[in-house]
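Trainee: Just so it is clear, I am handing over input-v5.cif, which has mmCIF, C-alpha atoms.
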data_data
#
loop_
_atom_site.label_atom_id
_atom_site.label_comp_id
_atom_site.auth_asym_id
_atom_site.auth_seq_id
_atom_site.Cartn_x
_atom_site.Cartn_y
_atom_site.Cartn_z
CA MET X 1420 88.06 143.91 96.97
CA MET X 1421 88.63 147.39 95.60
CA SER X 1422 85.69 149.81 96.12
CA THR X 1423 83.75 147.16 98.05
CA ARG X 1424 81.81 148.28 101.14
CA VAL X 1425 81.23 145.44 103.57
CA VAL X 1426 79.24 145.28 106.80
CA VAL X 1427 80.45 142.47 109.08
CA LYS X 1428 78.28 141.36 112.00
CA ILE X 1429 79.83 139.30 114.80
CA GLY X 1430 77.64 137.72 117.44
CA SER X 1431 78.24 137.06 121.11
CA SER X 1432 78.82 133.35 120.64
CA SER X 1433 81.75 134.09 118.31
CA LEU X 1434 83.42 136.49 120.75
CA THR X 1435 83.14 134.81 124.13
CA SER X 1436 85.02 132.00 125.80
CA SER X 1437 83.43 128.82 127.06
CA GLU X 1438 83.26 130.44 130.52
CA GLY X 1439 81.21 133.32 129.16
CA GLY X 1440 83.78 136.12 129.25
CA LEU X 1441 85.23 138.03 126.31
CA SER X 1442 87.86 136.09 124.35
CA ARG X 1443 90.74 138.39 123.43
CA ASP X 1444 92.01 135.76 121.02
CA ALA X 1445 88.69 135.80 119.15
CA VAL X 1446 88.71 139.60 118.97
CA ALA X 1447 92.29 139.57 117.65
CA PHE X 1448 91.41 136.95 115.03
CA PHE X 1449 88.43 138.89 113.66
CA ALA X 1450 90.41 142.14 113.70
CA SER X 1451 93.08 140.44 111.60
CA GLU X 1452 90.49 139.15 109.14
CA ILE X 1453 88.89 142.57 108.81
CA ALA X 1454 92.29 144.27 108.49
CA THR X 1455 93.05 142.00 105.53
CA LEU X 1456 89.90 143.16 103.76
CA LYS X 1457 90.72 146.78 104.48
CA LYS X 1458 94.28 146.46 103.19
CA GLU X 1459 92.87 145.14 99.92
CA GLY X 1460 90.80 148.28 99.50
CA ALA X 1461 87.47 147.37 101.09
CA GLU X 1462 85.60 149.76 103.36
CA VAL X 1463 84.52 147.76 106.41
CA LEU X 1464 81.95 148.48 109.09
CA LEU X 1465 81.69 146.18 112.08
CA VAL X 1466 78.42 145.51 113.88
CA THR X 1467 79.24 143.67 117.06
CA SER X 1468 77.37 142.01 119.87
CA GLY X 1469 79.09 140.99 123.07
CA ALA X 1470 78.68 143.83 125.57
CA VAL X 1471 76.44 141.88 127.95
CA ALA X 1472 78.46 138.70 127.45
CA ALA X 1473 81.72 140.57 128.07
CA GLY X 1474 80.48 142.37 131.16
CA PHE X 1475 78.31 140.04 133.20
CA ARG X 1476 81.18 138.18 134.87
CA ALA X 1477 83.20 141.38 135.36
CA ILE X 1478 80.28 142.99 137.21
CA GLY X 1479 79.93 139.96 139.47
CA TYR X 1480 77.20 137.75 137.98
CA SER X 1481 77.97 134.05 137.86
CA PHE X 1482 75.79 133.54 134.77
CA ARG X 1483 74.28 135.65 132.02
CA PRO X 1484 71.53 137.78 133.61
CA LYS X 1485 67.88 137.54 132.60
CA LEU X 1486 66.37 140.72 134.06
CA LEU X 1487 66.50 143.90 131.97
CA HIS X 1488 68.25 146.12 134.54
CA GLU X 1489 70.84 143.39 135.12
CA LYS X 1490 71.51 143.12 131.38
CA GLN X 1491 71.85 146.88 131.14
CA ALA X 1492 74.31 147.00 134.03
CA ALA X 1493 76.34 144.18 132.48
CA ALA X 1494 76.30 146.00 129.12
CA ALA X 1495 77.52 149.23 130.74
CA VAL X 1496 80.59 147.39 132.04
CA GLY X 1497 81.02 145.14 129.04
CA GLN X 1498 80.80 147.80 126.33
CA ALA X 1499 83.97 149.47 127.64
CA LEU X 1500 85.76 146.12 127.80
CA LEU X 1501 84.59 145.23 124.31
CA MET X 1502 85.76 148.50 122.74
CA GLN X 1503 89.09 148.39 124.57
CA ALA X 1504 89.70 144.93 123.14
CA TYR X 1505 88.80 146.04 119.61
CA GLN X 1506 90.90 149.21 119.83
CA GLU X 1507 93.97 147.26 120.90
CA ALA X 1508 93.42 144.52 118.33
CA PHE X 1509 92.99 146.92 115.39
CA ALA X 1510 95.82 149.19 116.57
CA ALA X 1511 98.16 146.25 115.98
CA HIS X 1512 97.26 146.65 112.28
CA GLY X 1513 97.54 150.45 112.32
CA ILE X 1514 93.76 150.92 112.13
CA THR X 1515 91.74 153.46 114.10
CA THR X 1516 88.35 152.42 115.42
CA ALA X 1517 85.27 154.47 116.30
CA GLN X 1518 82.39 153.52 118.59
CA ILE X 1519 78.80 154.13 117.51
CA LEU X 1520 75.92 153.09 119.78
CA LEU X 1521 72.46 153.02 118.22
CA THR X 1522 68.91 152.05 119.12
CA ARG X 1523 65.92 151.35 116.91
CA THR X 1524 64.57 154.83 117.69
CA ASP X 1525 67.63 156.31 115.98
CA PHE X 1526 66.49 154.63 112.77
CA GLY X 1527 62.85 155.52 113.37
CA ASN X 1528 63.72 159.22 113.27
CA ARG X 1529 64.79 160.16 109.73
CA LYS X 1530 66.89 163.14 110.85
CA ARG X 1531 68.83 161.10 113.40
CA MET X 1532 69.21 158.28 110.89
CA ASN X 1533 70.64 160.65 108.29
CA ASN X 1534 73.01 162.17 110.86
CA ALA X 1535 74.27 158.70 111.78
CA GLY X 1536 74.78 157.97 108.09
CA MET X 1537 76.83 161.14 107.58
CA THR X 1538 79.00 160.35 110.62
CA ILE X 1539 79.68 156.85 109.29
CA GLU X 1540 80.57 158.21 105.86
CA GLU X 1541 83.08 160.63 107.38
CA LEU X 1542 84.67 157.89 109.48
CA LEU X 1543 85.07 155.70 106.40
CA LYS X 1544 86.51 158.64 104.46
CA GLN X 1545 89.12 159.11 107.20
CA GLY X 1546 90.06 155.44 107.10
CA SER X 1547 88.54 154.42 110.43
CA ILE X 1548 86.47 151.33 111.11
CA PRO X 1549 83.10 152.20 112.66
CA ILE X 1550 82.23 149.67 115.36
CA ILE X 1551 78.49 149.69 115.88
CA ASN X 1552 76.52 148.11 118.69
CA GLU X 1553 73.04 148.30 120.12
CA ASN X 1554 72.93 150.85 122.93
CA ASP X 1555 71.89 148.18 125.41
CA THR X 1556 72.32 150.38 128.48
CA VAL X 1557 69.38 152.62 127.53
CA SER X 1558 67.39 150.27 125.30
CA VAL X 1559 64.17 148.69 126.47
CA ASP X 1560 62.40 146.86 123.68
CA GLU X 1561 65.69 146.45 121.82
CA LEU X 1562 67.20 143.91 124.24
CA LYS X 1563 65.47 140.97 122.66
CA PHE X 1564 65.94 138.11 120.22
CA GLY X 1565 68.15 138.92 117.27
CA ASP X 1566 68.52 142.67 117.65
CA ASN X 1567 72.03 143.05 116.25
CA ASP X 1568 71.20 140.87 113.26
CA THR X 1569 68.47 143.35 112.40
CA LEU X 1570 70.78 146.26 113.25
CA SER X 1571 73.40 144.96 110.82
CA ALA X 1572 70.83 144.78 108.02
CA LEU X 1573 69.62 148.32 108.71
CA VAL X 1574 73.21 149.59 108.73
CA ALA X 1575 74.00 147.75 105.49
CA ASN X 1576 71.04 149.40 103.79
CA LEU X 1577 71.85 152.78 105.32
CA VAL X 1578 75.41 152.84 103.92
CA LYS X 1579 74.48 151.07 100.66
CA ALA X 1580 76.90 148.23 101.29
CA GLN X 1581 77.84 145.71 98.60
CA ASN X 1582 77.87 142.86 101.12
CA LEU X 1583 76.48 142.00 104.54
CA VAL X 1584 78.41 139.21 106.25
CA ILE X 1585 76.66 137.78 109.33
CA LEU X 1586 78.98 135.50 111.25
CA THR X 1587 77.71 132.68 113.41
CA ASP X 1588 78.86 129.39 114.88
CA MET X 1589 76.93 127.49 112.20
CA ASP X 1590 78.23 127.21 108.64
CA GLY X 1591 74.99 128.37 107.09
CA LEU X 1592 71.35 127.34 106.97
CA TYR X 1593 70.55 123.62 106.68
CA THR X 1594 67.40 121.71 105.84
CA GLY X 1595 67.47 120.60 109.50
CA ASP X 1596 69.66 121.01 112.56
CA PRO X 1597 72.86 119.16 111.52
CA ARG X 1598 73.67 118.56 115.20
CA LYS X 1599 70.54 116.44 115.45
CA HIS X 1600 70.03 115.35 111.84
CA PRO X 1601 73.25 114.10 110.20
CA ASN X 1602 71.57 113.93 106.79
CA ALA X 1603 70.66 117.64 106.81
CA VAL X 1604 71.86 119.49 103.70
CA ARG X 1605 73.17 123.07 103.64
CA PHE X 1606 71.60 125.70 101.42
CA ASP X 1607 74.47 127.24 99.44
CA HIS X 1608 72.29 129.92 97.81
CA ILE X 1609 68.78 131.15 98.60
CA GLU X 1610 67.14 133.32 95.97
CA GLU X 1611 63.84 133.90 97.77
CA ILE X 1612 63.05 133.81 101.49
CA THR X 1613 59.84 131.80 101.65
CA ASP X 1614 57.66 130.56 104.51
CA GLU X 1615 59.44 127.22 104.16
CA ILE X 1616 62.81 128.89 104.73
CA TYR X 1617 61.45 130.58 107.85
CA ALA X 1618 60.10 127.28 109.15
CA ILE X 1619 63.50 125.64 108.63
CA ALA X 1620 65.33 128.51 110.36
CA GLY X 1621 63.74 127.59 113.70
CA GLY X 1622 64.63 129.29 117.00
CA ALA X 1623 67.61 130.42 119.04
CA GLY X 1624 70.68 128.21 119.30
CA SER X 1625 73.41 129.52 121.61
CA SER X 1626 72.90 130.21 125.31
CA VAL X 1627 75.39 133.11 125.09
CA GLY X 1628 73.90 135.11 122.24
CA THR X 1629 70.30 136.23 121.67
CA GLY X 1630 70.05 135.69 117.93
CA GLY X 1631 69.28 132.34 116.32
CA MET X 1632 69.14 131.43 112.65
CA ARG X 1633 65.59 132.78 112.45
CA SER X 1634 66.77 136.30 113.28
CA LYS X 1635 69.49 136.00 110.66
CA VAL X 1636 66.91 135.11 108.02
CA ASP X 1637 64.89 138.15 109.17
CA ALA X 1638 67.99 140.30 108.71
CA ALA X 1639 68.68 138.77 105.30
CA LYS X 1640 65.16 139.65 104.20
CA ILE X 1641 65.61 143.29 105.22
CA ALA X 1642 69.03 143.61 103.59
CA THR X 1643 68.17 141.83 100.32
CA ARG X 1644 64.95 143.86 100.02
CA GLY X 1645 67.24 146.91 100.16
CA GLY X 1646 69.51 145.51 97.45
CA VAL X 1647 72.29 144.13 99.68
CA PRO X 1648 73.28 140.45 99.27
CA VAL X 1649 73.91 138.56 102.50
CA PHE X 1650 76.23 135.80 103.67
CA VAL X 1651 75.38 133.87 106.84
CA GLY X 1652 78.03 131.45 108.00
CA LYS X 1653 81.24 130.65 109.81
CA VAL X 1654 84.61 132.39 109.84
CA ASP X 1655 87.01 130.44 112.02
CA SER X 1656 90.20 130.09 109.95
CA ARG X 1657 92.58 132.60 108.42
CA GLY X 1658 91.26 133.87 105.09
CA ASP X 1659 87.66 132.76 105.73
CA LEU X 1660 86.28 136.32 105.81
CA ARG X 1661 87.87 137.16 102.48
CA GLN X 1662 86.38 133.98 101.03
CA ALA X 1663 82.96 134.89 102.43
CA VAL X 1664 83.06 138.27 100.70
CA ALA X 1665 84.44 136.73 97.50
CA GLY X 1666 81.53 134.29 97.24
CA SER X 1667 83.09 131.02 98.35
CA GLY X 1668 82.62 131.15 102.11
CA LYS X 1669 81.51 128.46 104.55
CA GLY X 1670 77.86 129.33 104.73
CA THR X 1671 74.67 130.33 102.93
CA TYR X 1672 74.33 133.20 100.47
CA PHE X 1673 71.05 135.10 100.23
CA ASP X 1674 70.93 136.60 96.77
CA THR X 1675 69.11 139.70 95.57
CA ARG X 1676 68.17 140.96 92.15
CA LEU X 1677 67.05 144.29 93.55
CA HIS X 1678 68.91 147.57 93.43
CA SER X 1679 69.54 149.74 96.47
CA LEU X 1680 66.38 151.39 97.73
CA PRO X 1681 66.17 155.17 98.08
CA MET X 1682 66.74 156.20 101.69
CA LYS X 1683 63.13 157.31 102.12
CA LYS X 1684 61.86 153.87 101.05
CA GLN X 1685 64.34 152.14 103.37
CA TRP X 1686 63.15 154.23 106.28
CA LEU X 1687 59.51 153.65 105.41
CA GLY X 1688 59.84 149.90 105.00
CA PHE X 1689 62.22 148.87 107.75
CA MET X 1690 62.96 151.68 110.18
CA SER X 1691 59.68 153.54 110.69
CA THR X 1692 57.14 152.71 113.40
CA PRO X 1693 53.59 152.10 112.10
CA HIS X 1694 50.89 153.90 114.08
CA GLY X 1695 48.00 151.82 112.77
CA THR X 1696 46.96 149.10 110.36
CA LEU X 1697 44.63 148.99 107.38
CA ARG X 1698 43.09 145.83 105.93
CA VAL X 1699 42.26 146.02 102.26
CA ASP X 1700 40.21 143.97 99.83
CA PRO X 1701 41.77 141.72 97.13
CA GLY X 1702 41.36 144.38 94.44
CA ALA X 1703 43.30 146.94 96.45
CA GLU X 1704 45.89 144.30 97.33
CA GLN X 1705 46.47 143.56 93.66
CA ALA X 1706 46.66 147.27 92.81
CA LEU X 1707 49.22 147.98 95.53
CA VAL X 1708 51.45 144.93 95.26
CA ASN X 1709 51.43 144.26 91.53
CA GLY X 1710 49.85 147.24 89.83
CA GLY X 1711 51.95 150.10 91.16
CA HIS X 1712 48.81 152.03 92.10
CA SER X 1713 47.82 154.10 95.12
CA LEU X 1714 45.42 152.95 97.83
CA LEU X 1715 41.98 154.54 97.56
CA PRO X 1716 39.27 154.62 100.26
CA VAL X 1717 37.10 152.14 98.37
CA GLY X 1718 39.64 149.38 98.97
CA VAL X 1719 39.93 149.88 102.73
CA LYS X 1720 37.83 147.44 104.74
CA VAL X 1721 39.18 147.70 108.31
CA VAL X 1722 40.92 150.57 110.12
CA GLU X 1723 42.82 149.75 113.33
CA GLY X 1724 44.73 152.02 115.71
CA HIS X 1725 44.95 155.77 116.18
CA PHE X 1726 46.96 157.89 113.75
CA GLN X 1727 47.17 161.29 112.12
CA ALA X 1728 47.65 162.29 108.50
CA GLY X 1729 51.37 161.93 107.75
CA ASP X 1730 51.87 158.92 110.02
CA VAL X 1731 53.10 155.54 108.81
CA VAL X 1732 50.56 152.72 108.65
CA GLU X 1733 50.96 149.04 107.86
CA VAL X 1734 48.66 147.60 105.21
CA LEU X 1735 47.42 144.03 105.50
CA SER X 1736 45.38 141.71 103.34
CA LEU X 1737 42.00 140.58 104.68
CA ASP X 1738 43.61 137.42 106.04
CA GLY X 1739 46.28 139.41 107.90
CA ALA X 1740 49.30 139.04 105.61
CA VAL X 1741 51.58 142.10 105.59
CA LEU X 1742 51.52 143.80 102.19
CA GLY X 1743 53.60 146.89 102.94
CA ARG X 1744 53.78 150.28 104.63
CA GLY X 1745 52.84 153.76 103.58
CA ILE X 1746 52.29 157.32 104.75
CA VAL X 1747 48.57 157.89 105.28
CA ASN X 1748 46.77 161.04 104.13
CA TYR X 1749 43.87 160.84 106.61
CA ASP X 1750 43.58 160.54 110.37
CA ASP X 1751 41.91 157.39 111.66
CA GLU X 1752 38.56 159.06 112.42
CA GLN X 1753 38.28 160.47 108.89
CA LEU X 1754 39.26 157.18 107.35
CA ARG X 1755 36.68 155.24 109.35
CA ARG X 1756 34.01 157.57 107.95
CA ILE X 1757 34.99 157.02 104.32
CA GLN X 1758 36.37 153.47 104.21
CA GLY X 1759 34.83 151.50 101.36
CA MET X 1760 33.51 154.63 99.62
CA SER X 1761 34.06 155.58 96.01
CA SER X 1762 35.97 158.78 95.24
CA ALA X 1763 32.74 160.61 94.43
CA GLU X 1764 31.23 159.57 97.76
CA VAL X 1765 34.35 160.70 99.61
CA ILE X 1766 34.11 164.17 98.09
CA GLN X 1767 30.45 164.40 99.11
CA THR X 1768 31.13 163.16 102.65
CA LEU X 1769 34.15 165.24 103.64
CA ASP X 1770 34.12 169.05 103.77
CA MET X 1771 37.62 169.31 102.33
CA VAL X 1772 39.72 166.70 100.52
CA HIS X 1773 43.41 167.49 100.07
CA ARG X 1774 44.23 164.14 98.46
CA LEU X 1775 41.86 161.37 97.52
CA GLU X 1776 44.44 158.62 97.99
CA VAL X 1777 44.64 157.00 101.41
CA VAL X 1778 48.28 156.12 100.60
CA HIS X 1779 49.90 157.52 97.47
CA ARG X 1780 52.13 155.13 95.53
CA ASP X 1781 55.10 157.49 96.00
CA GLU X 1782 54.69 157.10 99.78
CA TRP X 1783 54.42 153.31 99.69
CA ILE X 1784 56.73 150.30 99.85
CA THR X 1785 55.70 146.71 99.17
CA LEU X 1786 56.95 144.21 101.74
CA LYS X 1787 55.17 141.09 100.54
#
Could you render the structure as structure tokens?
Mentor:
Amino acid sequence: MMSTRVVVKIGSSSLTSSEGGLSRDAVAFFASEIATLKKEGAEVLLVTSGAVAAGFRAIGYSFRPKLLHEKQAAAAVGQALLMQAYQEAFAAHGITTAQILLTRTDFGNRKRMNNAGMTIEELLKQGSIPIINENDTVSVDELKFGDNDTLSALVANLVKAQNLVILTDMDGLYTGDPRKHPNAVRFDHIEEITDEIYAIAGGAGSSVGTGGMRSKVDAAKIATRGGVPVFVGKVDSRGDLRQAVAGSGKGTYFDTRLHSLPMKKQWLGFMSTPHGTLRVDPGAEQALVNGGHSLLPVGVKVVEGHFQAGDVVEVLSLDGAVLGRGIVNYDDEQLRRIQGMSSAEVIQTLDMVHRLEVVHRDEWITLK
């Protein structure tokens, strides 16, 4: 475990009792498992759900709330309860914890993202365990299906982790729901996340948490694209977490042959917010995805949305498949004037051309 950096994500269903409140026994168990990793030399970051689940009964709701302001109120109460439980559980192992609350907008802003990364690095240097959660109390769009699965993948890429371990109440991804189909077979290793894998992943499972297996596959795609291998499975017995990190856990491993992406590419691909979309012809698609070339105006067929030069845009094939993202060198009005034109025609049409490329290859990431 020496020199291993691990991000562990624990969902609501793993932390709450059958009545819906926070289970102190579950928190103590996971703290013990993480402490074992840390004592063997691993650096561990914890991404945790559970604030809404921990707080909704304490605030007075008889069941998990559905309305946004009710969820936020429950999270405001529950986050304190959740951190208190973690602090006490880790203190029993002589470990200091630190709370970090993030939203997607923190990752969308490169300066804030880098600041968060530096804070995490300092906490790890000082021997603390950063405990990271979605800032549910102020989030709007973020309180939705699978947020903390995605958050864990973004954090894993941000800190260049060697492993992302996503814990759930299922021991991995099966060819079907094993609760309904006894003959379903578990995937031990998945080398490529295909449309078939997404179809098998299905929808949400637990009534306590918000993330189903589909969101975990989404997270695995983000993390593996950034060079971080992922384990999705169950940790319910002593030593299971160590086994999961070691490669013999009770679950599914999503492998990657890729190296860690530069931070700029990570931000561009998974943390930025596109301001528009471009649809390109098959020639441009081939050049971008397989040729390592820039996108030129001649390949652009459809311009959608309103954006300025320097904004991020998403690039699609003609049939709507996402090819990737890039930083655009034209505003949308300019680009509509020159889409489909050759370079010579662009120079004749525009009064001044700073860069011919619509998206330069250095400002591009393939997501196909």
Trainee: What is the distance between atom CA of Thr1696 of chain X and atom CA of Val1747 of chain X, in Å to one decimal?
Mentor: 10.3 Å
Trainee: What do you get, as a VMD selection string, if you spell out every residue that the PyMOL selection byres ((chain X and resi 1479-1483) around 10) selects here?
Mentor: chain X and resid 1438 to 1440 1471 to 1478 1484 to 1486 1489 to 1490 1493 1626 to 1628
Trainee: Quick one, how far is atom CA of Val1651 of chain X from atom CA of Thr1671 of chain X?
Mentor: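 Interatomic distance here is 5.3 Å.
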Trainee: Can you measure atom CA of Thr1423 of chain X to atom CA of Glu1462 of chain X for me? One decimal in Å is fine.
Mentor: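 Atom-to-atom, atom CA of Thr1423 of chain X to atom CA of Glu1462 of chain X, that is 6.2 Å.
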Trainee: List the residues matched by the PyMOL selection byres ((chain X and resi 1650) around 7) in the displayed structure as a VMD selection string, ordered by chain and then by residue number.
Mentor: chain X and resid 1583 to 1585 1649 1651 to 1652 1663 1670 to 1673
Trainee: Might you pull out every residue within 9 Å of Ile1548 of chain X, with all atoms listed in the file counted and same-chain residues fewer than 3 positions away left off, and present them as a ChimeraX atom specification?
Mentor: /X:1462-1465,1509,1514-1518,1539,1542-1543
Trainee: Pull out every residue that the PyMOL selection byres ((chain X and resi 1586) around 12) matches in the shown coordinates and put them as a PyMOL selection string.
Mentor: chain X and resi 1426-1434+1449+1465-1468+1567-1568+1571+1583-1585+1587-1592+1630-1632+1635+1649-1655+1659-1660+1663-1664+1668-1672
Trainee: May I have the protein, DNA and RNA residues with an atom at most 9 Å from (52.7, 144.3, 96.2), counting only C-alpha atoms in the file's coordinates, returned as a list in words?
Mentor: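 The requested residues, written out, are Glu1704, Gln1705, Ala1706, Leu1707, Val1708, Asn1709, Gly1710, Gly1711, Leu1742, Gly1743, Ile1784, Thr1785, Leu1786 and Lys1787 of chain X.
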Trainee: Using C-alpha atoms, can you write the selected residues to a file as a PDB file, in the coordinates of the input?
Mentor:
ATOM      1  CA  GLU X1704      45.890 144.300  97.330  1.00  0.00           C
ATOM      2  CA  GLN X1705      46.470 143.560  93.660  1.00  0.00           C
ATOM      3  CA  ALA X1706      46.660 147.270  92.810  1.00  0.00           C
ATOM      4  CA  LEU X1707      49.220 147.980  95.530  1.00  0.00           C
ATOM      5  CA  VAL X1708      51.450 144.930  95.260  1.00  0.00           C
ATOM      6  CA  ASN X1709      51.430 144.260  91.530  1.00  0.00           C
ATOM      7  CA  GLY X1710      49.850 147.240  89.830  1.00  0.00           C
ATOM      8  CA  GLY X1711      51.950 150.100  91.160  1.00  0.00           C
ATOM      9  CA  LEU X1742      51.520 143.800 102.190  1.00  0.00           C
ATOM     10  CA  GLY X1743      53.600 146.890 102.940  1.00  0.00           C
ATOM     11  CA  ILE X1784      56.730 150.300  99.850  1.00  0.00           C
ATOM     12  CA  THR X1785      55.700 146.710  99.170  1.00  0.00           C
ATOM     13  CA  LEU X1786      56.950 144.210 101.740  1.00  0.00           C
ATOM     14  CA  LYS X1787      55.170 141.090 100.540  1.00  0.00           C
TER      15      LYS X1787
END
Trainee: At a cut-off of 6 Å, using only C-alpha atoms, what residues contact Gly1718 of chain X? Leave out same-chain residues fewer than 4 positions from it and give the result as a ChimeraX atom specification.
Mentor: /X:1699-1700,1703,1759
Trainee: Give me the residues near segment 1729-1736 of chain X as a VMD selection string, where near means some atom within 6 Å (using all atoms listed in the file) and where sequence neighbours in that chain fewer than 2 positions away do not count.
Mentor: chain X and resid 1693 to 1699 1727 1738 to 1748
Trainee: Taking all atoms listed in the file into account, name the residue in X:His1712, X:Lys1720, X:Val1777, X:Trp1686 that is nearest to Asn1528 of chain X.
Mentor: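 The shortest atom-to-atom distance to Asn1528 of chain X comes from X:Trp1686.
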Trainee: Restricting the calculation to all atoms listed in the file, which member of X:Arg1523, X:Lys1579, X:Arg1531, X:Arg1676 is positioned closest to Ile1609 of chain X?
Mentor: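 When distances to Ile1609 of chain X are compared using all atoms listed in the file, the smallest one comes from X:Arg1676.
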